[in-house]
Amino acid sequence: MREPVLDAEANVIGSIHLFEACVKHHVGRVVFASTGGAIYGEVADGQRAEVGWREDPLSPYACSKLAVERYMGFYRREHGLDGVVLRYANVYGPRQDPHGEAGVIAIFHQRLKAGQPIQINAKLEQGDDGCVRDYVFVSDVVRANVMALTGNLHGTVNVATGTETTTRQAADLIAAALKVDSPEIGFGGRRAGDLQRSVLLPAGELGECVSFADGIGMTAEWFSGES
C-alpha cells in the first residue's frame, strides 16, 4: 500500500522477465501463486467467490496478481507456455514466519505463546470481531501445487476451504490451542486495503481440505515446540 511502484516493478515486471526466460528455455509449465483472497474484492455475506466472477482488485497487491494472470494468458496464446493459476485463500500453518509480511495466524501464535497482547483490526468499526477470511492449511496448498505441476489441475483454480472465520474466532481458537487463559486482546481501527469479507468457492478437484480447527491444532503444536 505504501509503495505501489516498487510492488509493480517486483511482481509485474519481474514476472514478465520470468516468462521471457521460460519461453527462451522451453519451459513446459508455469504454476503461478495468485490470490483469491484479494483478487475478487469484497464478497457479500452468504456468498463465496468462484472462478469466473468479475475480478475487483482493491489493492496494489491484488492488481499486480491480476496483471500477471493476464500476462500468463498472453504468453499462453502467443508462445504456447502452459500456465496454471492457483488463487489462494489465506494460507497458514507450521513454519510460517511471524515477522515481516506474515499472516495474522502466525502473528497471533507467536505473540500469544510469548505472553504478549494481540490486536484485532476492525472490519467496520473498532471493537468488532474483525474481518472475515477463508483460511486454508498449508498441506492443502502443497497438494494443489503438486497437482498443478503434474498436470492434474488446469486453468484457474481456487485453493480454499469455503469456510468463513472472523479474526476474533481465529484468536479464540489459537488461544485455546496454546492453552492461554484470558489472552490480552486489543482492538484497532480498520487498516487501509483490508477487505471486509473474503470467502472462496473451493475447486472440487481438490477434495476435502483440512478443517480450520484441525489446522490450528497442528499449527499450535509446531509453535509450541519452537524455542
# chains A, B, ... in the order shown; residues from 1 in each chain; ligands from 1
>>> residues_around(residues="Ala33 of chain A", least_positions_apart="2", cutoff="8 Å", atoms="only C-alpha atoms", output="PyMOL selection string")
chain A and resi 31+35+85-88
>>> select_by_dssp(residues="segment 100-208 of chain A", states="alpha helix (DSSP H)", output="JSON, numbers by chain")
{"A": [104, 105, 106, 107, 108, 109, 110, 111, 112, 113, 138, 139, 140, 141, 142, 143, 144, 145, 146, 147, 148, 149, 167, 168, 169, 170, 171, 172, 173, 174, 175, 176, 177]}
>>> write_last_selection(atoms="C-alpha atoms", output="CSV table (one decimal), in the first residue's frame")
chain,number,residue,atom,x,y,z
A,104,VAL,CA,-2.3,-13.0,11.3
A,105,ILE,CA,-2.4,-16.7,12.2
A,106,ALA,CA,1.4,-16.8,12.6
A,107,ILE,CA,1.5,-13.4,14.4
A,108,PHE,CA,-1.2,-14.5,16.9
A,109,HIS,CA,0.6,-17.8,17.6
A,110,GLN,CA,3.9,-16.1,18.2
A,111,ARG,CA,2.6,-13.3,20.4
A,112,LEU,CA,0.2,-15.4,22.5
A,113,LYS,CA,2.9,-18.0,23.1
A,138,VAL,CA,-0.5,-25.3,4.1
A,139,SER,CA,-0.7,-29.0,3.3
A,140,ASP,CA,-3.7,-28.4,1.1
A,141,VAL,CA,-1.8,-25.7,-0.7
A,142,VAL,CA,1.1,-28.1,-1.2
A,143,ARG,CA,-1.3,-30.7,-2.6
A,144,ALA,CA,-2.7,-28.2,-5.1
A,145,ASN,CA,0.7,-27.2,-6.3
A,146,VAL,CA,1.8,-30.8,-6.8
A,147,MET,CA,-1.4,-31.5,-8.7
A,148,ALA,CA,-0.8,-28.4,-10.9
A,149,LEU,CA,2.8,-29.3,-11.6
A,167,THR,CA,-10.4,-12.6,13.3
A,168,ARG,CA,-11.9,-12.9,16.8
A,169,GLN,CA,-12.8,-16.5,16.2
A,170,ALA,CA,-9.3,-17.2,15.0
A,171,ALA,CA,-7.8,-15.5,18.1
A,172,ASP,CA,-10.0,-17.5,20.5
A,173,LEU,CA,-9.2,-20.8,18.8
A,174,ILE,CA,-5.5,-20.1,18.8
A,175,ALA,CA,-5.5,-19.1,22.4
A,176,ALA,CA,-7.4,-22.3,23.3
A,177,ALA,CA,-5.0,-24.5,21.3
>>> select_by_dssp(residues="segment 148-186 of chain A", states="strand (DSSP E or B)", output="PyMOL selection string")
chain A and resi 155-159+165-166+185-186
>>> write_last_selection(atoms="C-alpha atoms", output="PDB file, in the first residue's frame")
ATOM      1  CA  GLY A 155      -6.600 -23.180 -15.863  1.00  0.00           C
ATOM      2  CA  THR A 156      -7.534 -21.068 -12.847  1.00  0.00           C
ATOM      3  CA  VAL A 157      -8.282 -22.773  -9.521  1.00  0.00           C
ATOM      4  CA  ASN A 158      -9.453 -21.516  -6.122  1.00  0.00           C
ATOM      5  CA  VAL A 159      -7.393 -23.119  -3.342  1.00  0.00           C
ATOM      6  CA  THR A 165     -13.804 -17.210  10.101  1.00  0.00           C
ATOM      7  CA  THR A 166     -13.601 -13.824  11.819  1.00  0.00           C
ATOM      8  CA  ILE A 185      -6.779  -8.596  23.224  1.00  0.00           C
ATOM      9  CA  GLY A 186      -6.773  -5.034  21.939  1.00  0.00           C
TER      10      GLY A 186
END
>>> atom_distance(atom1="atom CA of Thr163 of chain A", atom2="atom CA of Ala114 of chain A")
28.8 Å
>>> closest_residue(among="A:Gly207, A:Gly46, A:Tyr75, A:Met1", to="Leu18 of chain A", atoms="only C-alpha atoms")
A:Tyr75
>>> closest_atom_pairs(of="segment 1-109 of chain A", to="segment 189-195 of chain A", cutoff="9 Å", atoms="only C-alpha atoms", output="JSON lines")
{"residue": "A:Met1", "atom": "CA", "partner": "A:Gly193", "partner_atom": "CA", "distance": 7.1}
{"residue": "A:Gly37", "atom": "CA", "partner": "A:Leu195", "partner_atom": "CA", "distance": 8.6}
{"residue": "A:Ala38", "atom": "CA", "partner": "A:Leu195", "partner_atom": "CA", "distance": 7.4}
{"residue": "A:Gly41", "atom": "CA", "partner": "A:Leu195", "partner_atom": "CA", "distance": 6.9}
{"residue": "A:Glu42", "atom": "CA", "partner": "A:Leu195", "partner_atom": "CA", "distance": 6.0}
{"residue": "A:Val43", "atom": "CA", "partner": "A:Leu195", "partner_atom": "CA", "distance": 8.6}
{"residue": "A:Leu58", "atom": "CA", "partner": "A:Gly193", "partner_atom": "CA", "distance": 6.8}
{"residue": "A:Ser59", "atom": "CA", "partner": "A:Gly193", "partner_atom": "CA", "distance": 5.7}
{"residue": "A:Pro60", "atom": "CA", "partner": "A:Gly193", "partner_atom": "CA", "distance": 8.7}
>>> closest_residue(among="A:Leu6, A:Ala49, A:Cys209, A:Val136", to="Gly93 of chain A", atoms="only C-alpha atoms")
A:Val136
